[in-house]
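Okay, start_9.txt now, which holds compact mmCIF, C-alpha atoms:
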```txt
# COMPACT_ATOMS: atom_id res chain seq x y z
CA LEU T 9 146.83 103.37 145.94
CA CYS T 10 146.94 101.03 142.96
CA PHE T 11 148.97 98.00 144.06
CA ARG T 12 148.31 95.59 141.20
CA VAL T 13 147.14 95.71 137.59
CA GLY T 14 145.99 92.56 135.82
CA THR T 15 142.58 91.52 134.58
CA SER T 16 141.38 94.08 137.10
CA ILE T 17 142.83 97.12 138.89
CA SER T 18 143.49 96.46 142.59
CA LEU T 19 143.14 99.51 144.84
CA LEU T 20 144.08 99.95 148.50
CA ASP T 21 143.18 102.54 151.12
CA PRO T 22 146.40 102.75 153.22
CA ASN T 23 144.44 104.40 156.03
CA THR T 24 142.11 101.43 156.61
CA LEU T 25 143.54 98.54 154.51
CA GLN T 26 140.23 98.41 152.65
CA THR T 27 140.71 97.04 149.12
CA ALA T 28 138.62 97.20 145.97
CA GLU T 29 138.77 95.62 142.53
CA VAL T 30 137.87 97.48 139.34
CA PRO T 31 137.30 94.94 136.52
CA ALA T 32 138.80 95.88 133.15
CA PRO T 33 135.38 96.22 131.40
CA VAL T 34 134.20 98.61 134.12
CA TYR T 35 137.38 100.69 133.87
CA TRP T 36 137.24 100.97 130.08
CA ARG T 37 133.60 102.05 130.18
CA GLN T 38 134.61 105.06 132.27
CA PRO T 39 138.43 105.42 132.50
CA PHE T 40 139.95 107.57 135.22
CA LYS T 41 143.39 109.17 135.49
CA ASN T 42 145.89 108.54 138.25
CA LEU T 43 146.58 111.53 140.46
CA ALA T 44 150.35 110.93 140.49
CA ASP T 45 152.87 108.38 139.26
CA VAL T 46 156.37 107.14 140.07
CA GLN T 47 157.91 110.41 138.88
CA GLU T 48 156.29 112.26 141.82
CA LEU T 49 157.54 109.89 144.52
CA VAL T 50 159.53 111.55 147.33
CA GLU T 51 161.95 109.89 149.75
CA PHE T 52 161.00 110.04 153.44
CA VAL T 53 162.78 108.77 156.57
CA VAL T 54 160.87 106.93 159.30
CA MET T 55 161.10 108.81 162.61
CA ASP T 56 158.60 106.71 164.59
CA ILE T 57 156.23 103.84 163.85
CA GLU T 58 153.59 102.05 165.92
CA PRO T 59 151.64 99.00 164.66
CA VAL T 60 147.87 99.34 164.97
CA GLY T 61 147.25 95.60 165.07
CA GLU T 62 145.21 95.24 161.89
CA SER T 63 146.46 93.28 158.89
CA LYS T 64 145.22 92.09 155.52
CA GLY T 65 147.38 89.66 153.59
CA ARG T 66 150.85 91.17 153.30
CA PHE T 67 149.63 94.59 154.47
CA PHE T 68 150.04 95.62 158.12
CA LEU T 69 148.44 98.84 159.35
CA ALA T 70 150.62 101.20 161.37
CA GLU T 71 150.73 104.81 162.51
CA ILE T 72 153.93 106.46 161.39
CA THR T 73 155.83 109.73 161.59
CA VAL T 74 158.16 110.58 158.72
CA ALA T 75 160.32 113.47 157.52
CA ARG T 76 161.46 114.31 154.01
CA ALA T 77 164.98 113.00 153.45
CA SER T 78 165.93 116.21 151.63
CA GLU T 79 164.97 118.28 154.70
CA MET T 80 166.83 116.27 157.33
CA GLY T 81 169.07 118.64 159.27
CA VAL T 82 167.47 121.66 157.56
CA ASN T 83 164.21 121.94 159.52
CA ASP T 84 162.09 120.00 162.02
CA ASN T 85 159.13 119.33 159.74
CA SER T 86 157.57 115.90 160.20
CA TYR T 87 154.36 114.28 159.00
CA PHE T 88 152.05 111.85 160.78
CA THR T 89 150.01 109.38 158.76
CA ARG T 90 148.85 105.78 158.53
CA THR T 91 150.49 103.21 156.29
CA HIS T 92 150.00 99.67 155.02
CA LEU T 93 153.77 99.05 155.31
CA GLY T 94 153.82 98.34 159.05
CA GLY T 95 155.29 94.89 158.47
CA VAL T 96 158.45 96.06 156.69
CA LEU T 97 159.25 99.55 158.01
CA HIS T 98 161.37 100.40 161.05
CA VAL T 99 162.75 103.61 162.55
CA GLY T 100 165.54 104.91 160.33
CA ASP T 101 164.29 103.21 157.16
CA SER T 102 163.73 105.13 153.95
CA VAL T 103 160.34 104.95 152.27
CA MET T 104 158.99 106.41 149.04
CA GLY T 105 155.69 108.24 149.06
CA TYR T 106 153.60 111.10 147.72
CA HIS T 107 153.74 114.45 149.52
CA LEU T 108 150.18 115.73 149.08
CA THR T 109 150.42 118.85 151.25
CA GLY T 110 151.42 121.89 149.22
CA THR T 111 151.58 119.96 145.94
CA ASN T 112 149.60 121.28 142.98
CA PHE T 113 148.32 118.27 141.04
CA ASN T 114 146.16 120.36 138.70
CA ASP T 115 143.36 117.80 138.99
CA PRO T 116 139.73 119.01 139.28
CA ASN T 117 138.61 115.93 141.22
CA PHE T 118 141.36 116.32 143.82
CA ASP T 119 140.70 120.06 144.04
CA ALA T 120 137.02 119.35 144.71
CA ILE T 121 137.91 116.99 147.57
CA GLN T 122 140.28 119.57 149.07
CA GLU T 123 137.58 122.23 148.99
CA SER T 124 134.91 119.91 150.40
CA SER T 125 133.85 120.65 153.98
CA GLN T 126 133.11 116.95 154.47
CA TYR T 127 136.16 115.30 152.91
CA GLY T 128 138.83 118.00 152.80
CA SER T 129 140.10 117.18 156.30
CA THR T 130 140.49 113.49 155.42
CA ILE T 131 143.33 114.05 152.93
CA PRO T 132 146.62 112.98 154.56
CA ASP T 133 149.80 115.04 154.32
CA VAL T 134 151.69 112.02 153.00
CA VAL T 135 150.77 108.73 151.33
CA LEU T 136 153.55 106.15 151.62
CA VAL T 137 153.95 103.66 148.79
CA ARG T 138 156.91 101.33 149.28
CA LYS T 139 160.07 100.78 151.27
CA TYR T 140 163.15 102.24 149.62
CA TYR T 141 166.30 100.16 149.22
CA ALA T 142 169.28 102.39 148.47
CA ARG T 143 171.39 101.31 145.52
CA LYS T 144 174.87 102.78 145.67
CA LYS T 145 176.05 100.90 142.62
CA LYS T 146 174.66 100.71 139.13
CA PRO T 147 172.31 97.70 138.90
CA LYS T 148 174.20 94.68 137.62
CA SER T 149 172.90 92.84 134.60
CA ARG T 150 169.96 90.60 135.39
CA ASN T 151 169.99 86.94 134.41
CA TRP T 152 166.22 87.08 133.85
CA LYS T 153 163.92 89.17 131.72
CA LEU T 154 160.28 90.11 131.46
CA LYS T 155 158.46 90.05 128.15
CA ARG T 156 157.12 93.42 127.04
CA MET T 157 154.23 94.18 124.75
CA ASN T 158 155.08 96.04 121.58
CA TYR T 159 153.76 99.57 121.48
CA GLU T 160 153.50 102.21 118.81
CA GLU T 161 154.66 105.74 119.44
CA GLU T 162 151.90 108.23 118.78
CA GLU T 163 154.41 110.97 118.00
CA PRO T 164 157.70 109.50 116.77
CA GLY T 165 160.80 111.36 117.84
CA ARG T 166 159.66 112.37 121.31
CA LYS T 167 162.81 111.34 123.13
CA GLN T 168 161.57 112.60 126.50
CA ASP T 169 158.54 110.29 126.47
CA ALA T 170 160.69 107.31 125.48
CA GLU T 171 163.15 108.01 128.30
CA ARG T 172 160.30 108.29 130.80
CA LEU T 173 158.87 104.95 129.68
CA GLU T 174 162.26 103.29 130.12
CA ALA T 175 162.69 104.87 133.58
CA ASP T 176 159.24 103.64 134.64
CA PHE T 177 160.03 100.14 133.35
CA GLU T 178 163.33 100.07 135.27
CA MET T 179 161.49 101.03 138.46
CA PHE T 180 159.03 98.20 137.81
CA LEU T 181 161.90 95.72 137.39
CA ARG T 182 163.33 96.85 140.72
CA ASP T 183 159.93 96.36 142.34
CA ILE T 184 159.97 92.79 141.00
CA GLU T 185 163.38 92.20 142.58
CA GLU T 186 162.20 93.49 145.96
CA ASP T 187 158.67 92.03 146.08
CA GLN T 188 158.51 88.23 146.31
CA GLU T 189 154.71 88.18 146.04
CA LEU T 190 154.81 90.27 142.88
CA ARG T 191 157.41 87.94 141.33
CA SER T 192 155.16 84.95 141.98
CA THR T 193 152.46 86.46 139.75
CA LEU T 194 154.78 87.00 136.76
CA SER T 195 156.43 84.78 134.17
CA LEU T 196 160.17 85.49 134.14
CA TYR T 197 162.46 84.19 131.41
CA LYS T 198 166.15 83.40 131.42
CA ALA T 199 168.12 86.16 129.75
CA LYS T 200 170.68 85.30 127.10
CA ASN T 201 174.04 86.40 128.45
CA GLU T 202 177.09 84.49 127.31
CA ASN T 203 179.43 86.45 129.57
CA ARG T 204 177.74 85.38 132.76
CA ARG T 205 177.26 81.96 134.30
CA PRO T 206 173.68 81.06 135.25
CA GLU T 207 172.89 81.93 138.85
CA LYS T 208 169.84 82.31 140.99
CA MET T 209 167.79 85.40 140.26
CA ASP T 210 169.30 88.50 141.82
CA VAL T 211 166.78 89.79 144.32
CA VAL T 212 166.60 91.96 147.40
CA GLU T 213 164.40 90.27 149.97
CA GLU T 214 162.43 92.28 152.51
CA GLN T 215 163.57 91.54 156.04
```
Target encoding structure tokens, full file:
Amino acid sequence: LCFRVGTSISLLDPNTLQTAEVPAPVYWRQPFKNLADVQELVEFVVMDIEPVGESKGRFFLAEITVARASEMGVNDNSYFTRTHLGGVLHVGDSVMGYHLTGTNFNDPNFDAIQESSQYGSTIPDVVLVRKYYARKKKPKSRNWKLKRMNYEEEEPGRKQDAERLEADFEMFLRDIEEDQELRSTLSLYKAKNENRRPEKMDVVEEQ
């Protein structure tokens, strides 16, 4: 999993909590694609969770059993895996993750791992990414903002790409609201909103 992008790309193995840093110059010498992004995230429900006892910073290793939220009450399918979210997940919580089993990613590198006699069996059914906080109401206006870099559209008029970029950015803003450590690494600016009195930043803290 990629859990931070800055002057380097920070990667995490949720099965062991091992981390690695890929410096920007190294990445740009030989760029690699991500296997999946936020659009492929699936909601799961925690059925059982047991801490393993290992931790690294804010990551806590745990063994967990989950079921797809969309299949609850339809079948008894469940998936066992390891996760770095042992410090924030409890039975009954919702969590977003990638469902690797049965998903066609159309990626030659992933296909090669699946077909490998040595590494094929190491691919988990599910890779969990972050705890999911249900939002029943439309997000209220934020009294803070994050500066964005200007970008040029390669093919003007592609509305679908523009909408996807905006959806990804909104998900990132929600991650900022929910992740105190992530907020501490960013420079947030007061938003100009004459119809709202200044308040503390609206956030959802992890319990």
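Across T:Arg12, T:Thr89, T:Asp133, T:Glu178, the tightest approach to Gly110 in chain T is made by T:Asp133 when counting all atoms listed in the file.
You can rank T:Ile17, T:Ala32, T:Leu108, T:Val53 by their closest distance to Ser78 in chain T using only C-alpha atoms, and at the top of that list sits T:Val53.
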**Asked** Skipping near chain neighbours, those fewer than 4 positions away, what residues fall within 9 Å of Val134 in chain T using all atoms listed in the file, listed as a PyMOL selection string?
**Response** chain T and resi 74+87-90+105-109
**Request:** Tell me, as a PyMOL selection string, which residues lie within 12 Å of Leu19 in chain T, counting all atoms listed in the file; anything in the same chain fewer than 4 positions away does not count.
**Result:** chain T and resi 9-14+24-31+42
Just-selected residues, C-alpha atoms written as an mmCIF file, in the coordinates of the input:
```
data_model
loop_
_atom_site.group_PDB
_atom_site.id
_atom_site.type_symbol
_atom_site.label_atom_id
_atom_site.label_comp_id
_atom_site.auth_asym_id
_atom_site.auth_seq_id
_atom_site.Cartn_x
_atom_site.Cartn_y
_atom_site.Cartn_z
ATOM 1 C CA LEU T 9 146.830 103.370 145.940
ATOM 2 C CA CYS T 10 146.940 101.030 142.960
ATOM 3 C CA PHE T 11 148.970 98.000 144.060
ATOM 4 C CA ARG T 12 148.310 95.590 141.200
ATOM 5 C CA VAL T 13 147.140 95.710 137.590
ATOM 6 C CA GLY T 14 145.990 92.560 135.820
ATOM 7 C CA THR T 24 142.110 101.430 156.610
ATOM 8 C CA LEU T 25 143.540 98.540 154.510
ATOM 9 C CA GLN T 26 140.230 98.410 152.650
ATOM 10 C CA THR T 27 140.710 97.040 149.120
ATOM 11 C CA ALA T 28 138.620 97.200 145.970
ATOM 12 C CA GLU T 29 138.770 95.620 142.530
ATOM 13 C CA VAL T 30 137.870 97.480 139.340
ATOM 14 C CA PRO T 31 137.300 94.940 136.520
ATOM 15 C CA ASN T 42 145.890 108.540 138.250
#
```
**Item:** For Leu97 in chain T: contacts at 12 Å, only C-alpha atoms, fewer than 2 positions along chain excluded, given as an NGL selection string
**Value:** :T and (52-59 or 67-74 or 91-95 or 99-104 or 136-141 or 214-215)
**Item:** Distance in Å - CA of Val46 in chain T versus CA of Ala120 in chain T
**Value:**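 Distance between the two atoms: 23.3 Å.
Across the structure, CA of Leu49 in chain T and CA of Val34 in chain T are spaced 27.9 Å apart.
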**Message:** My list of candidates is T:Gly81, T:Lys64, T:Ala44, T:Arg76. Which is closest to Leu20 in chain T when distances are computed with all atoms listed in the file?
**Reply:** T:Lys64
**Fill in**
Atom pair CA of Ser86 in chain T + CA of Phe180 in chain T, distance 28.6 Å
**Prompt:** Given the choices T:Asn151, T:Pro22, T:Glu48, T:Asp84, which gets closest to Ser63 in chain T if the distance is worked out from all atoms listed in the file?
**Reply:**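 Of T:Asn151, T:Pro22, T:Glu48, T:Asp84, the one nearest Ser63 in chain T is T:Pro22, counting all atoms listed in the file.
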